[in-house]
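Trainee: Got run.pdb for you, PDB, C-alpha atoms:
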MODEL        1
ATOM      1  CA  MET C   1       5.888  86.644  11.674
ATOM      2  CA  SER C   2       7.998  83.508  11.435
ATOM      3  CA  SER C   3       8.026  81.826   8.036
ATOM      4  CA  ILE C   4       7.173  78.590   9.850
ATOM      5  CA  PHE C   5       3.615  79.845  10.384
ATOM      6  CA  ASN C   6       2.850  80.196   6.693
ATOM      7  CA  GLU C   7       0.351  77.959   4.929
ATOM      8  CA  ASN C   8       2.134  78.245   1.563
ATOM      9  CA  ASN C   9       5.453  77.164   3.112
ATOM     10  CA  MET C  10       3.673  74.249   4.770
ATOM     11  CA  ILE C  11       2.130  73.116   1.492
ATOM     12  CA  GLN C  12       5.491  73.378  -0.314
ATOM     13  CA  SER C  13       7.102  71.307   2.445
ATOM     14  CA  LEU C  14       4.461  68.540   2.368
ATOM     15  CA  GLU C  15       3.800  68.295  -1.395
ATOM     16  CA  PRO C  16       6.995  66.393  -2.338
ATOM     17  CA  TYR C  17       5.899  63.520  -0.062
ATOM     18  CA  LEU C  18       2.356  63.159  -1.412
ATOM     19  CA  PRO C  19       1.884  59.650  -2.783
ATOM     20  CA  ARG C  20       0.715  59.428  -6.376
ATOM     21  CA  GLY C  21      -3.013  60.082  -6.698
ATOM     22  CA  GLU C  22      -3.332  61.620  -3.220
ATOM     23  CA  THR C  23      -4.199  65.228  -2.416
ATOM     24  CA  LEU C  24      -3.603  67.129   0.786
ATOM     25  CA  THR C  25      -6.889  67.271   2.720
ATOM     26  CA  ALA C  26      -5.562  69.254   5.682
ATOM     27  CA  GLY C  27      -2.252  70.485   7.047
ATOM     28  CA  ILE C  28      -1.119  72.346  10.155
ATOM     29  CA  HIS C  29       1.930  73.429  12.092
ATOM     30  CA  GLY C  30       2.493  71.105  15.035
ATOM     31  CA  VAL C  31       5.139  69.966  17.450
ATOM     32  CA  GLY C  32       6.976  66.666  17.324
ATOM     33  CA  ILE C  33       7.425  65.723  20.970
ATOM     34  CA  GLU C  34       9.139  62.398  20.364
ATOM     35  CA  THR C  35       9.379  60.306  17.213
ATOM     36  CA  HIS C  36      10.716  56.819  16.675
ATOM     37  CA  VAL C  37      10.409  55.528  13.108
ATOM     38  CA  LYS C  38      11.206  51.883  12.451
ATOM     39  CA  LEU C  39      11.679  50.250   9.040
ATOM     40  CA  VAL C  40      12.867  46.849   7.872
ATOM     41  CA  LEU C  41      14.122  46.910   4.281
ATOM     42  CA  LYS C  42      16.443  45.197   1.850
ATOM     43  CA  CYS C  43      18.934  47.987   1.220
ATOM     44  CA  ILE C  44      22.403  49.292   1.930
ATOM     45  CA  VAL C  45      23.414  52.512   3.665
ATOM     46  CA  ASP C  46      25.788  54.843   1.849
ATOM     47  CA  ASP C  47      26.606  57.990   3.839
ATOM     48  CA  ASP C  48      23.238  59.791   4.077
ATOM     49  CA  ARG C  49      21.325  57.595   1.620
ATOM     50  CA  LEU C  50      19.546  54.261   1.507
ATOM     51  CA  ILE C  51      20.194  52.418  -1.751
ATOM     52  CA  PRO C  52      18.076  49.526  -3.100
ATOM     53  CA  ALA C  53      19.762  46.114  -2.804
ATOM     54  CA  PRO C  54      17.318  43.352  -3.822
ATOM     55  CA  HIS C  55      19.865  40.660  -2.926
ATOM     56  CA  GLY C  56      21.538  42.647  -0.185
ATOM     57  CA  PRO C  57      21.184  42.596   3.571
ATOM     58  CA  VAL C  58      17.956  43.083   5.479
ATOM     59  CA  LEU C  59      18.361  46.143   7.680
ATOM     60  CA  GLU C  60      16.319  47.307  10.619
ATOM     61  CA  ILE C  61      16.493  51.094  10.444
ATOM     62  CA  ASN C  62      15.571  53.260  13.414
ATOM     63  CA  LYS C  63      15.268  57.056  13.179
ATOM     64  CA  SER C  64      14.543  58.800  16.469
ATOM     65  CA  LYS C  65      14.153  62.320  17.839
ATOM     66  CA  PHE C  66      13.702  62.843  21.580
ATOM     67  CA  ALA C  67      13.337  66.635  21.679
ATOM     68  CA  LYS C  68      10.467  68.919  20.734
ATOM     69  CA  HIS C  69      10.678  70.258  17.200
ATOM     70  CA  ASP C  70       8.435  72.189  14.804
ATOM     71  CA  ILE C  71       6.770  70.048  12.161
ATOM     72  CA  TYR C  72       4.089  70.255   9.534
ATOM     73  CA  ILE C  73       1.414  67.599   9.856
ATOM     74  CA  GLY C  74      -0.654  66.782   6.794
ATOM     75  CA  ILE C  75      -3.322  64.266   5.993
ATOM     76  CA  THR C  76      -4.608  62.871   2.714
ATOM     77  CA  GLN C  77      -7.332  60.360   2.025
ATOM     78  CA  ASN C  78      -4.992  57.476   2.938
ATOM     79  CA  TYR C  79      -1.782  58.898   4.425
ATOM     80  CA  LEU C  80      -0.338  60.891   7.304
ATOM     81  CA  LEU C  81       2.530  63.187   6.271
ATOM     82  CA  LEU C  82       5.156  64.768   8.521
ATOM     83  CA  THR C  83       7.902  67.186   7.547
ATOM     84  CA  GLU C  84      10.195  69.285   9.683
ATOM     85  CA  CYS C  85       9.904  73.050   9.571
ATOM     86  CA  GLU C  86      13.660  73.362  10.094
ATOM     87  CA  LYS C  87      16.509  70.892   9.650
ATOM     88  CA  ASN C  88      17.017  68.805  12.803
ATOM     89  CA  ARG C  89      19.399  66.109  13.915
ATOM     90  CA  HIS C  90      18.177  62.584  14.546
ATOM     91  CA  LEU C  91      19.547  59.407  16.049
ATOM     92  CA  TYR C  92      19.960  56.713  13.403
ATOM     93  CA  GLU C  93      20.562  53.045  14.075
ATOM     94  CA  PHE C  94      21.174  50.406  11.408
ATOM     95  CA  ASN C  95      21.154  46.730  12.349
ATOM     96  CA  GLU C  96      21.421  43.784   9.992
ATOM     97  CA  VAL C  97      18.693  41.312  10.919
ATOM     98  CA  THR C  98      17.836  37.754  10.013
ATOM     99  CA  VAL C  99      14.271  37.139   9.026
ATOM    100  CA  PRO C 100      12.524  33.757   9.112
ATOM    101  CA  GLU C 101      12.424  31.804   5.857
ATOM    102  CA  GLY C 102       9.443  32.825   3.721
ATOM    103  CA  THR C 103       9.033  36.220   5.401
ATOM    104  CA  ASP C 104       8.316  38.936   2.873
ATOM    105  CA  VAL C 105      10.693  41.879   3.378
ATOM    106  CA  PRO C 106       9.942  45.061   1.429
ATOM    107  CA  GLU C 107      12.569  46.140  -1.046
ATOM    108  CA  LEU C 108      13.484  49.773  -1.386
ATOM    109  CA  GLU C 109      12.272  50.911  -4.822
ATOM    110  CA  SER C 110      14.610  53.876  -5.308
ATOM    111  CA  THR C 111      17.407  55.665  -3.497
ATOM    112  CA  ILE C 112      16.218  57.934  -0.692
ATOM    113  CA  THR C 113      17.984  60.213   1.753
ATOM    114  CA  LEU C 114      17.873  59.600   5.487
ATOM    115  CA  ASP C 115      15.863  62.825   5.798
ATOM    116  CA  ASP C 116      13.083  61.193   3.750
ATOM    117  CA  ILE C 117      12.553  58.420   6.332
ATOM    118  CA  GLY C 118       9.414  58.980   8.371
ATOM    119  CA  THR C 119       7.651  61.485   6.167
ATOM    120  CA  CYS C 120       4.758  59.396   4.828
ATOM    121  CA  PHE C 121       2.719  56.836   6.775
ATOM    122  CA  PRO C 122      -0.243  54.831   5.437
ATOM    123  CA  LEU C 123      -3.244  55.404   7.686
ATOM    124  CA  ALA C 124      -4.041  51.691   7.306
ATOM    125  CA  ASP C 125      -0.804  50.942   9.214
ATOM    126  CA  ILE C 126      -1.997  52.732  12.362
ATOM    127  CA  GLN C 127      -2.439  50.227  15.174
ATOM    128  CA  ASN C 128      -3.638  52.728  17.762
ATOM    129  CA  CYS C 129      -4.004  56.466  18.228
ATOM    130  CA  THR C 130      -4.499  58.072  21.627
ATOM    131  CA  ILE C 131      -5.755  61.652  21.641
ATOM    132  CA  LYS C 132      -5.866  63.733  24.829
ATOM    133  CA  LYS C 133      -6.410  67.374  25.674
ATOM    134  CA  GLY C 134      -3.182  69.190  26.452
ATOM    135  CA  TRP C 135      -2.102  72.465  27.944
ATOM    136  CA  MET C 136      -3.658  75.792  26.799
ATOM    137  CA  GLY C 137      -6.054  74.200  24.310
ATOM    138  CA  SER C 138      -3.499  71.977  22.616
ATOM    139  CA  VAL C 139      -4.161  68.334  21.771
ATOM    140  CA  ASN C 140      -1.603  65.567  22.369
ATOM    141  CA  CYS C 141      -1.595  62.577  20.074
ATOM    142  CA  VAL C 142       0.335  59.311  20.378
ATOM    143  CA  ILE C 143       0.278  57.170  17.246
ATOM    144  CA  THR C 144       1.512  53.582  17.287
ATOM    145  CA  MET C 145       2.018  51.916  13.930
ATOM    146  CA  LYS C 146       1.821  48.156  13.284
ATOM    147  CA  ASN C 147       5.587  48.021  12.608
ATOM    148  CA  GLY C 148       6.536  49.528  15.993
ATOM    149  CA  THR C 149       6.884  53.159  14.875
ATOM    150  CA  THR C 150       5.660  55.638  17.509
ATOM    151  CA  LEU C 151       4.877  59.297  16.981
ATOM    152  CA  LYS C 152       4.145  61.647  19.874
ATOM    153  CA  LEU C 153       2.725  64.840  18.426
ATOM    154  CA  MET C 154       1.129  68.010  19.732
ATOM    155  CA  PHE C 155      -1.439  70.020  17.819
ATOM    156  CA  PRO C 156      -1.407  73.634  19.075
ATOM    157  CA  LYS C 157      -4.710  75.456  19.438
ATOM    158  CA  LEU C 158      -3.496  78.370  17.311
ATOM    159  CA  GLY C 159      -1.509  78.431  14.087
ATOM    160  CA  GLY C 160       0.891  81.211  15.089
ATOM    161  CA  VAL C 161       0.432  84.961  15.038
ATOM    162  CA  GLY C 162      -0.040  87.184  12.010
ATOM    163  CA  GLY C 163      -2.658  85.142  10.174
ATOM    164  CA  GLY C 164      -0.223  83.091   8.082
ATOM    165  CA  MET C 165      -2.213  79.904   8.697
ATOM    166  CA  PRO C 166      -5.848  80.999   8.270
ATOM    167  CA  HIS C 167      -7.236  77.433   8.107
ATOM    168  CA  HIS C 168      -5.385  76.096  11.159
ATOM    169  CA  ALA C 169      -8.441  75.527  13.396
ATOM    170  CA  GLU C 170     -10.476  73.881  10.623
ATOM    171  CA  TYR C 171      -7.581  71.672   9.455
ATOM    172  CA  ARG C 172      -6.584  70.745  13.013
ATOM    173  CA  GLU C 173     -10.079  69.442  13.696
ATOM    174  CA  ALA C 174     -10.080  67.491  10.411
ATOM    175  CA  ILE C 175      -6.766  65.817  11.270
ATOM    176  CA  ILE C 176      -7.877  65.020  14.820
ATOM    177  CA  ALA C 177     -11.162  63.561  13.534
ATOM    178  CA  LYS C 178      -9.395  61.357  10.988
ATOM    179  CA  LEU C 179      -6.803  60.100  13.493
ATOM    180  CA  GLY C 180      -9.544  59.636  16.094
ATOM    181  CA  THR C 181     -11.035  56.857  13.989
ATOM    182  CA  TYR C 182      -7.949  54.786  14.956
ATOM    183  CA  SER C 183      -8.483  55.145  18.725
ATOM    184  CA  ALA C 184      -8.764  51.911  20.666
TER     185      ALA C 184
ENDMDL
END
Once you've parsed the file, please lay out its structure as structure tokens.
Mentor:
Amino acid sequence: MSSIFNENNMIQSLEPYLPRGETLTAGIHGVGIETHVKLVLKCIVDDDRLIPAPHGPVLEINKSKFAKHDIYIGITQNYLLLTECEKNRHLYEFNEVTVPEGTDVPELESTITLDDIGTCFPLADIQNCTIKKGWMGSVNCVITMKNGTTLKLMFPKLGGVGGGMPHHAEYREAIIAKLGTYSA
């Protein structure tokens, strides 16, 4: 059995990204079909890190992946969490932007790695979520966030072979139900 299909490994992968006060309600193995994460922050880029810069430039940061990849999908009371099962490469774009006077631009609170971008999304930021039946019992989900981030995910019917994810069916339905509340 692959270590990817292991509930303990999934929990260990998602836990570091849990916001303070939140607990993991459900988590499954899924497939990232295509992801495009967009952020606008006051920060500077240094190699593979984003560093806070309260008086620095405003950067539009885009992190994209256009190939299927194994991910863990978790949900808390207020957040959607995504982590990769294995290290993957992504396309990064950094553009300095000018924002209109009086526009509030979030400041980065602490240094983060590029890998940490796109791991935690407030459910309140979901603009729309489209859920459709897929092939062989899978469910396809397209999430559009208010900031332009898009996540195309697939929730497999089964959680792998060997019984490493005994709660997959139950947790999958819980995640689908929660995301379904954001359908247009």
Trainee: Which residues match the PyMOL selection byres ((chain C and resi 143) around 6) in the file above, as JSON, numbers by chain?
Mentor: {"C": [128, 129, 142, 144, 150, 151]}
Trainee: How would the residues just picked look written out with C-alpha atoms as a PDB file, keeping the file's coordinate frame?
Mentor:
ATOM      1  CA  ASN C 128      -3.638  52.728  17.762  1.00  0.00           C
ATOM      2  CA  CYS C 129      -4.004  56.466  18.228  1.00  0.00           C
ATOM      3  CA  VAL C 142       0.335  59.311  20.378  1.00  0.00           C
ATOM      4  CA  THR C 144       1.512  53.582  17.287  1.00  0.00           C
ATOM      5  CA  THR C 150       5.660  55.638  17.509  1.00  0.00           C
ATOM      6  CA  LEU C 151       4.877  59.297  16.981  1.00  0.00           C
TER       7      LEU C 151
END
Trainee: Please write the residues picked by the PyMOL selection byres ((chain C and resi 79-88) around 6) on this file as a VMD selection string.
Mentor: chain C and resid 70 to 76 78 89 119 to 123
Trainee: Using atom CA of C:Asp47 and atom CA of C:Asn9 as the two end points, give the distance in Å to one decimal.
Mentor: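 These atoms are spaced 28.6 Å apart.
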Trainee: Taking into account only C-alpha atoms, which residue in the set C:Met10, C:Ile117, C:Ile61, C:Cys141 is nearest to C:Tyr182?
Mentor: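 Closest candidate: C:Cys141.
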Trainee: To one decimal in Å, tell me the separation between atom CA of C:Glu107 and atom CA of C:Thr35.
Mentor: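 For atom CA of C:Glu107 relative to atom CA of C:Thr35, the distance reads 23.3 Å.
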Trainee: Once the PyMOL selection byres ((chain C and resi 50) around 10) is applied to the coordinates I shared, what remains selected? I want it as a list of chain:residue names.
Mentor: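 Applying the PyMOL selection byres ((chain C and resi 50) around 10) to the structure shown produces C:Leu41, C:Lys42, C:Cys43, C:Ile44, C:Val45, C:Asp46, C:Asp47, C:Asp48, C:Arg49, C:Ile51, C:Pro52, C:Ala53, C:Ile61, C:Leu108, C:Ser110, C:Thr111, C:Ile112, C:Thr113, C:Leu114, C:Asp116, C:Ile117.
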Trainee: I want to know what sits within 8 Å of C:Ser64, based on all atoms listed in the file, with residues of the same chain fewer than 3 positions away left out; could you give that as a PyMOL selection string?
Mentor: chain C and resi 34-37+90-92
Trainee: Between atom CA of C:Thr149 and atom CA of C:Lys38, what is the spacing in Å?
Mentor: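 A separation of 5.1 Å between them.
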Trainee: What lies within 12 Å of C:Ala177 using only C-alpha atoms, ignoring chain neighbours under 2 positions off, as a VMD selection string?
Mentor: chain C and resid 26 75 129 to 131 139 141 170 to 175 179 to 183
Trainee: Let me have the centre and edge lengths of the axis-aligned box enclosing all listed atoms of stretch 46-64 of chain C with 6 Å padding on every side, in Å to one decimal, as lines of an AutoDock Vina configuration file.
Mentor:
center_x = 20.6
center_y = 50.2
center_z = 6.3
size_x = 24.1
size_y = 31.1
size_z = 32.3
Trainee: Considering all atoms listed in the file, can you say which of C:Pro166, C:Gly56, C:Gly148, C:Gly21 comes closest to C:Val97?
Mentor: C:Gly56
Trainee: Hey, which of C:Asn147, C:Asn95, C:Ser3, C:Gln77 ends up closest to C:Pro19? Count only C-alpha atoms.
Mentor: C:Gln77
Trainee: List as a list in words the protein and nucleic acid residues near C:Met136, meaning an atom at most 12 Å away when all atoms listed in the file are counted, but skip any in the same chain fewer than 4 places from it.
Mentor: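 Near C:Met136, the qualifying residues are Asn140, Met154, Phe155, Pro156, Lys157 and Leu158 of chain C.
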